[in-house]
Amino acid sequence: MIALIQRVSTASVRIQGTEVAVIGKGILAFVGVERGDGETEATRLAERVLAYRIFADAHGKMNLSLEDISGELLAVPQFTLAADTHSGLRPSFSSAAAPADGEMLFLRFAEKAAEGVHVATGRFGADMQVSLVNDGPVTFLLRVSPRPS
């Protein structure tokens, strides 16, 4: 699974002109699910996003996590993160999870994250307009791959 995370001072999602999710200080996470991902990856990615230290401490160093600052998480499903862009001029989505699997694992990610912080979500499969104020800017790409058996 993949999460493109951005440290934000505010972020929101609108669907058909209606605001469906909004957060204050925290992380906006665009979440992609790849073929082969499972509940273990969804749980590990949520834990990693919540514990990733991207917020400044009293000395201005990135030493605090989302949990440390009691921040909020806006999780937005984004299957395009799973695109293969290595060649050509058009992305291939053959590595993306099937829609049913993608939705289930996105929801598992959000459910696990909600055990630690307030979580708002976009809607799987919807045409969403995402607004954000990137604080920094600070952006990281996190990936959790299935472990070989």
# chains A, B, ... in the order shown; residues from 1 in each chain; ligands from 1
call {"tool": "residues_around", "arguments": {"residues": "Phe140 of chain A", "least_positions_apart": "2", "cutoff": "8 Å", "atoms": "only C-alpha atoms", "output": "number ranges by chain"}}
result
A: 4-6, 138, 142
call {"tool": "residues_around", "arguments": {"residues": "Ile2 of chain A", "least_positions_apart": "2", "cutoff": "10 Å", "atoms": "only C-alpha atoms", "output": "number ranges by chain"}}
result
A: 4-5, 29-34, 37, 41-42, 45, 78-79, 81-82, 141-145
call {"tool": "write_last_selection", "arguments": {"atoms": "all heavy atoms", "output": "short mmCIF file (atom, residue, chain, number, x, y, z; two decimals), in the first residue's frame"}}
result
data_model
loop_
_atom_site.label_atom_id
_atom_site.label_comp_id
_atom_site.auth_asym_id
_atom_site.auth_seq_id
_atom_site.Cartn_x
_atom_site.Cartn_y
_atom_site.Cartn_z
N LEU A 4 0.73 8.91 0.09
CA LEU A 4 1.39 10.18 -0.15
C LEU A 4 0.86 11.10 0.93
O LEU A 4 -0.34 11.43 0.94
CB LEU A 4 1.07 10.73 -1.54
CG LEU A 4 1.69 12.09 -1.83
CD1 LEU A 4 3.20 11.94 -2.00
CD2 LEU A 4 1.08 12.71 -3.05
N ILE A 5 1.72 11.46 1.90
CA ILE A 5 1.26 12.24 3.04
C ILE A 5 1.77 13.67 2.95
O ILE A 5 2.90 13.91 2.51
CB ILE A 5 1.63 11.60 4.40
CG1 ILE A 5 3.15 11.52 4.59
CG2 ILE A 5 0.99 10.22 4.53
CD1 ILE A 5 3.57 11.10 5.99
N ALA A 29 -3.61 12.29 3.72
CA ALA A 29 -2.98 11.09 3.17
C ALA A 29 -3.78 10.61 1.96
O ALA A 29 -4.96 10.26 2.08
CB ALA A 29 -2.93 9.98 4.21
N PHE A 30 -3.14 10.64 0.79
CA PHE A 30 -3.71 10.01 -0.39
C PHE A 30 -3.27 8.55 -0.33
O PHE A 30 -2.07 8.28 -0.22
CB PHE A 30 -3.19 10.68 -1.66
CG PHE A 30 -3.66 12.10 -1.82
CD1 PHE A 30 -2.82 13.16 -1.52
CD2 PHE A 30 -4.94 12.37 -2.25
CE1 PHE A 30 -3.24 14.47 -1.66
CE2 PHE A 30 -5.38 13.68 -2.39
CZ PHE A 30 -4.53 14.73 -2.09
N VAL A 31 -4.23 7.63 -0.38
CA VAL A 31 -3.94 6.22 -0.13
C VAL A 31 -4.22 5.38 -1.37
O VAL A 31 -5.34 5.42 -1.89
CB VAL A 31 -4.76 5.69 1.07
CG1 VAL A 31 -4.48 4.22 1.32
CG2 VAL A 31 -4.49 6.53 2.32
N GLY A 32 -3.22 4.64 -1.82
CA GLY A 32 -3.37 3.74 -2.96
C GLY A 32 -3.16 2.30 -2.53
O GLY A 32 -2.32 2.02 -1.68
N VAL A 33 -3.93 1.41 -3.15
CA VAL A 33 -3.84 -0.01 -2.81
C VAL A 33 -3.38 -0.77 -4.05
O VAL A 33 -3.94 -0.60 -5.13
CB VAL A 33 -5.21 -0.56 -2.33
CG1 VAL A 33 -5.08 -2.03 -1.93
CG2 VAL A 33 -5.75 0.28 -1.18
N GLU A 34 -2.36 -1.59 -3.85
CA GLU A 34 -1.80 -2.37 -4.95
C GLU A 34 -2.25 -3.82 -4.87
O GLU A 34 -2.59 -4.33 -3.79
CB GLU A 34 -0.28 -2.30 -4.92
CG GLU A 34 0.24 -0.90 -5.15
CD GLU A 34 1.75 -0.82 -5.05
OE1 GLU A 34 2.27 -0.95 -3.93
OE2 GLU A 34 2.39 -0.63 -6.10
N ASP A 37 -1.80 -6.48 -1.82
CA ASP A 37 -1.92 -5.90 -0.48
C ASP A 37 -3.04 -6.60 0.28
O ASP A 37 -3.99 -7.11 -0.32
CB ASP A 37 -2.23 -4.41 -0.56
CG ASP A 37 -1.04 -3.57 -1.02
OD1 ASP A 37 0.11 -4.02 -0.84
OD2 ASP A 37 -1.27 -2.46 -1.53
N GLU A 41 -0.98 -5.08 5.48
CA GLU A 41 -0.37 -3.87 4.91
C GLU A 41 -1.18 -2.63 5.29
O GLU A 41 -0.62 -1.58 5.58
CB GLU A 41 -0.22 -3.99 3.39
CG GLU A 41 0.85 -4.97 2.96
CD GLU A 41 0.47 -6.44 3.17
OE1 GLU A 41 -0.72 -6.79 3.00
OE2 GLU A 41 1.36 -7.23 3.53
N ALA A 42 -2.51 -2.75 5.28
CA ALA A 42 -3.36 -1.62 5.65
C ALA A 42 -3.09 -1.20 7.10
O ALA A 42 -2.96 -0.01 7.40
CB ALA A 42 -4.83 -1.98 5.46
N LEU A 45 0.49 0.34 7.36
CA LEU A 45 0.57 1.67 6.78
C LEU A 45 -0.10 2.69 7.71
O LEU A 45 0.43 3.79 7.92
CB LEU A 45 -0.06 1.70 5.39
CG LEU A 45 0.08 3.02 4.64
CD1 LEU A 45 1.54 3.38 4.41
CD2 LEU A 45 -0.67 2.96 3.31
N GLN A 78 -6.96 7.01 -3.49
CA GLN A 78 -6.44 7.47 -4.78
C GLN A 78 -5.75 6.31 -5.50
O GLN A 78 -4.57 6.06 -5.32
CB GLN A 78 -5.48 8.65 -4.61
CG GLN A 78 -5.09 9.23 -5.95
CD GLN A 78 -4.34 10.53 -5.81
OE1 GLN A 78 -4.23 11.12 -4.75
NE2 GLN A 78 -3.79 10.98 -6.92
N PHE A 79 -6.52 5.61 -6.33
CA PHE A 79 -5.99 4.43 -7.02
C PHE A 79 -4.87 4.80 -7.98
O PHE A 79 -4.02 3.96 -8.29
CB PHE A 79 -7.10 3.65 -7.72
CG PHE A 79 -7.45 4.16 -9.08
CD1 PHE A 79 -6.89 3.58 -10.21
CD2 PHE A 79 -8.35 5.21 -9.24
CE1 PHE A 79 -7.21 4.05 -11.47
CE2 PHE A 79 -8.67 5.68 -10.49
CZ PHE A 79 -8.11 5.11 -11.62
N LEU A 81 -2.24 6.27 -7.46
CA LEU A 81 -0.92 6.10 -6.84
C LEU A 81 -0.31 4.75 -7.19
O LEU A 81 0.91 4.59 -7.15
CB LEU A 81 -1.01 6.23 -5.32
CG LEU A 81 -1.15 7.64 -4.77
CD1 LEU A 81 -1.36 7.59 -3.27
CD2 LEU A 81 0.07 8.47 -5.11
N ALA A 82 -1.14 3.79 -7.54
CA ALA A 82 -0.65 2.45 -7.87
C ALA A 82 -0.27 2.32 -9.35
O ALA A 82 0.08 1.24 -9.81
CB ALA A 82 -1.70 1.41 -7.52
N LEU A 141 6.36 10.17 0.58
CA LEU A 141 5.73 8.98 0.01
C LEU A 141 6.11 7.79 0.88
O LEU A 141 7.29 7.47 1.03
CB LEU A 141 6.22 8.75 -1.42
CG LEU A 141 5.60 7.58 -2.15
CD1 LEU A 141 4.11 7.81 -2.38
CD2 LEU A 141 6.30 7.35 -3.48
N LEU A 142 5.10 7.15 1.48
CA LEU A 142 5.33 5.96 2.31
C LEU A 142 4.77 4.76 1.58
O LEU A 142 3.69 4.81 0.99
CB LEU A 142 4.62 6.10 3.66
CG LEU A 142 4.98 7.32 4.51
CD1 LEU A 142 4.18 7.29 5.82
CD2 LEU A 142 6.46 7.36 4.80
N ARG A 143 5.50 3.66 1.63
CA ARG A 143 5.04 2.43 0.97
C ARG A 143 5.26 1.26 1.91
O ARG A 143 6.32 1.14 2.53
CB ARG A 143 5.82 2.21 -0.33
CG ARG A 143 5.45 0.93 -1.03
CD ARG A 143 6.14 0.79 -2.38
NE ARG A 143 5.10 0.89 -3.38
CZ ARG A 143 5.17 1.61 -4.48
NH1 ARG A 143 6.22 2.34 -4.72
NH2 ARG A 143 4.19 1.60 -5.34
N VAL A 144 4.24 0.41 2.01
CA VAL A 144 4.34 -0.82 2.79
C VAL A 144 4.01 -1.95 1.82
O VAL A 144 2.91 -2.01 1.29
CB VAL A 144 3.33 -0.81 3.97
CG1 VAL A 144 3.31 -2.16 4.65
CG2 VAL A 144 3.67 0.29 4.94
N SER A 145 4.98 -2.81 1.59
CA SER A 145 4.80 -3.91 0.65
C SER A 145 4.54 -5.21 1.39
O SER A 145 5.00 -5.39 2.52
CB SER A 145 6.05 -4.07 -0.23
OG SER A 145 6.27 -2.90 -0.98
#
call {"tool": "select_by_dssp", "arguments": {"residues": "segment 50-94 of chain A", "states": "strand (DSSP E)", "output": "list in words"}}
result
Phe55, Ala56, Met62, Asn63, Leu64, Glu72, Leu73, Leu74, Ala75, Val76 and Pro77 of chain A
call {"tool": "write_last_selection", "arguments": {"atoms": "N, CA and C atoms", "output": "short mmCIF file (atom, residue, chain, number, x, y, z; two decimals), in the first residue's frame"}}
result
data_model
loop_
_atom_site.label_atom_id
_atom_site.label_comp_id
_atom_site.auth_asym_id
_atom_site.auth_seq_id
_atom_site.Cartn_x
_atom_site.Cartn_y
_atom_site.Cartn_z
N PHE A 55 6.25 16.61 12.41
CA PHE A 55 5.84 17.85 13.05
C PHE A 55 6.98 18.34 13.95
N ALA A 56 7.13 19.66 14.01
CA ALA A 56 8.25 20.26 14.73
C ALA A 56 8.07 20.17 16.24
N MET A 62 11.85 18.04 13.17
CA MET A 62 10.74 17.14 12.89
C MET A 62 10.89 15.90 13.77
N ASN A 63 10.37 15.98 14.98
CA ASN A 63 10.48 14.90 15.96
C ASN A 63 9.14 14.44 16.50
N LEU A 64 8.05 15.06 16.08
CA LEU A 64 6.74 14.72 16.63
C LEU A 64 5.86 14.08 15.57
N GLU A 72 -5.12 15.65 13.25
CA GLU A 72 -6.19 14.94 12.55
C GLU A 72 -5.67 14.37 11.24
N LEU A 73 -6.37 13.36 10.74
CA LEU A 73 -5.99 12.70 9.49
C LEU A 73 -7.15 12.78 8.51
N LEU A 74 -6.87 13.25 7.30
CA LEU A 74 -7.83 13.18 6.20
C LEU A 74 -7.29 12.14 5.23
N ALA A 75 -7.98 11.01 5.13
CA ALA A 75 -7.57 9.92 4.25
C ALA A 75 -8.41 9.97 2.98
N VAL A 76 -7.74 10.01 1.84
CA VAL A 76 -8.41 10.11 0.55
C VAL A 76 -7.97 8.94 -0.32
N PRO A 77 -8.90 8.10 -0.77
CA PRO A 77 -8.51 6.98 -1.64
C PRO A 77 -8.09 7.51 -2.99
#
call {"tool": "select_by_dssp", "arguments": {"residues": "chain A", "states": "alpha helix (DSSP H)", "output": "list in words"}}
result
Glu39, Thr40, Glu41, Ala42, Thr43, Arg44, Leu45, Ala46, Glu47, Arg48, Val49, Leu50, Ala51, Pro99, Ala100, Asp101, Gly102, Glu103, Met104, Leu105, Phe106, Leu107, Arg108, Phe109, Ala110, Glu111, Lys112 and Ala113 of chain A
call {"tool": "write_last_selection", "arguments": {"atoms": "C-alpha atoms", "output": "compact mmCIF listing (two decimals), in the first residue's frame"}}
result
# COMPACT_ATOMS: atom_id res chain seq x y z
CA GLU A 39 -5.14 -6.26 5.90
CA THR A 40 -1.62 -6.56 7.29
CA GLU A 41 -0.37 -3.87 4.91
CA ALA A 42 -3.36 -1.62 5.65
CA THR A 43 -2.70 -1.89 9.39
CA ARG A 44 1.06 -1.35 9.04
CA LEU A 45 0.57 1.67 6.78
CA ALA A 46 -1.91 3.27 9.20
CA GLU A 47 0.48 2.71 12.10
CA ARG A 48 3.31 4.21 10.10
CA VAL A 49 1.34 7.31 9.07
CA LEU A 50 0.29 7.98 12.66
CA ALA A 51 3.82 7.51 14.03
CA PRO A 99 -11.95 -1.96 -6.77
CA ALA A 100 -13.62 -4.16 -4.12
CA ASP A 101 -10.26 -5.02 -2.56
CA GLY A 102 -9.08 -1.42 -2.79
CA GLU A 103 -12.16 -0.09 -1.02
CA MET A 104 -12.03 -2.72 1.72
CA LEU A 105 -8.35 -2.07 2.43
CA PHE A 106 -8.77 1.71 2.31
CA LEU A 107 -11.55 1.41 4.90
CA ARG A 108 -9.36 -0.89 7.03
CA PHE A 109 -6.58 1.72 6.86
CA ALA A 110 -8.99 4.45 8.03
CA GLU A 111 -10.47 2.23 10.74
CA LYS A 112 -7.04 1.38 12.15
CA ALA A 113 -5.93 5.03 12.05
call {"tool": "residues_around", "arguments": {"residues": "Ala21 of chain A", "least_positions_apart": "3", "cutoff": "8 Å", "atoms": "only C-alpha atoms", "output": "PDB file with N, CA and C atoms, in the first residue's frame"}}
result
ATOM      1  N   SER A  12      -9.677  19.597   3.095  1.00  0.00           N
ATOM      2  CA  SER A  12     -11.073  19.203   2.979  1.00  0.00           C
ATOM      3  C   SER A  12     -11.329  18.476   1.665  1.00  0.00           C
ATOM      4  N   VAL A  13     -12.470  17.782   1.623  1.00  0.00           N
ATOM      5  CA  VAL A  13     -12.912  17.075   0.421  1.00  0.00           C
ATOM      6  C   VAL A  13     -14.342  17.494   0.119  1.00  0.00           C
ATOM      7  N   ARG A  14     -14.582  17.806  -1.149  1.00  0.00           N
ATOM      8  CA  ARG A  14     -15.927  18.112  -1.622  1.00  0.00           C
ATOM      9  C   ARG A  14     -16.309  17.089  -2.677  1.00  0.00           C
ATOM     10  N   LEU A  74      -6.871  13.247   7.298  1.00  0.00           N
ATOM     11  CA  LEU A  74      -7.827  13.175   6.202  1.00  0.00           C
ATOM     12  C   LEU A  74      -7.292  12.140   5.234  1.00  0.00           C
ATOM     13  N   ALA A 120     -11.053  11.729   9.112  1.00  0.00           N
ATOM     14  CA  ALA A 120     -12.099  12.051   8.147  1.00  0.00           C
ATOM     15  C   ALA A 120     -11.671  11.398   6.841  1.00  0.00           C
ATOM     16  N   THR A 121     -12.626  11.034   5.993  1.00  0.00           N
ATOM     17  CA  THR A 121     -12.259  10.344   4.751  1.00  0.00           C
ATOM     18  C   THR A 121     -13.000  10.913   3.553  1.00  0.00           C
ATOM     19  N   GLY A 122     -12.343  10.743   2.415  1.00  0.00           N
ATOM     20  CA  GLY A 122     -13.011  10.941   1.150  1.00  0.00           C
ATOM     21  C   GLY A 122     -13.831   9.693   0.874  1.00  0.00           C
TER      22      GLY A 122
END
call {"tool": "atom_distance", "arguments": {"atom1": "atom CA of Ala97 of chain A", "atom2": "atom CA of Ala83 of chain A"}}
result
10.4 Å
call {"tool": "closest_residue", "arguments": {"among": "A:Lys61, A:Thr139, A:Gly26, A:Asn134", "to": "Ala3 of chain A", "atoms": "only C-alpha atoms"}}
result
A:Thr139
call {"tool": "residues_around", "arguments": {"residues": "Arg35 of chain A", "least_positions_apart": "6", "cutoff": "8 Å", "atoms": "only C-alpha atoms", "output": "number ranges by chain"}}
result
A: 95-98
call {"tool": "closest_residue", "arguments": {"among": "A:Gly60, A:Gly17, A:Gly116, A:Gly36", "to": "Pro148 of chain A", "atoms": "only C-alpha atoms"}}
result
A:Gly36
call {"tool": "atom_distance", "arguments": {"atom1": "atom CA of Val119 of chain A", "atom2": "atom CA of Leu66 of chain A"}}
result
11.3 Å
call {"tool": "atom_distance", "arguments": {"atom1": "atom CA of Ala126 of chain A", "atom2": "atom CA of Val22 of chain A"}}
result
16.2 Å
call {"tool": "closest_residue", "arguments": {"among": "A:Ser87, A:Ser92, A:Ala114, A:Ile69", "to": "Asp57 of chain A", "atoms": "only C-alpha atoms"}}
result
A:Ile69
call {"tool": "closest_residue", "arguments": {"among": "A:Leu28, A:Ala58, A:Val130, A:Ile23", "to": "Thr10 of chain A", "atoms": "only C-alpha atoms"}}
result
A:Ile23
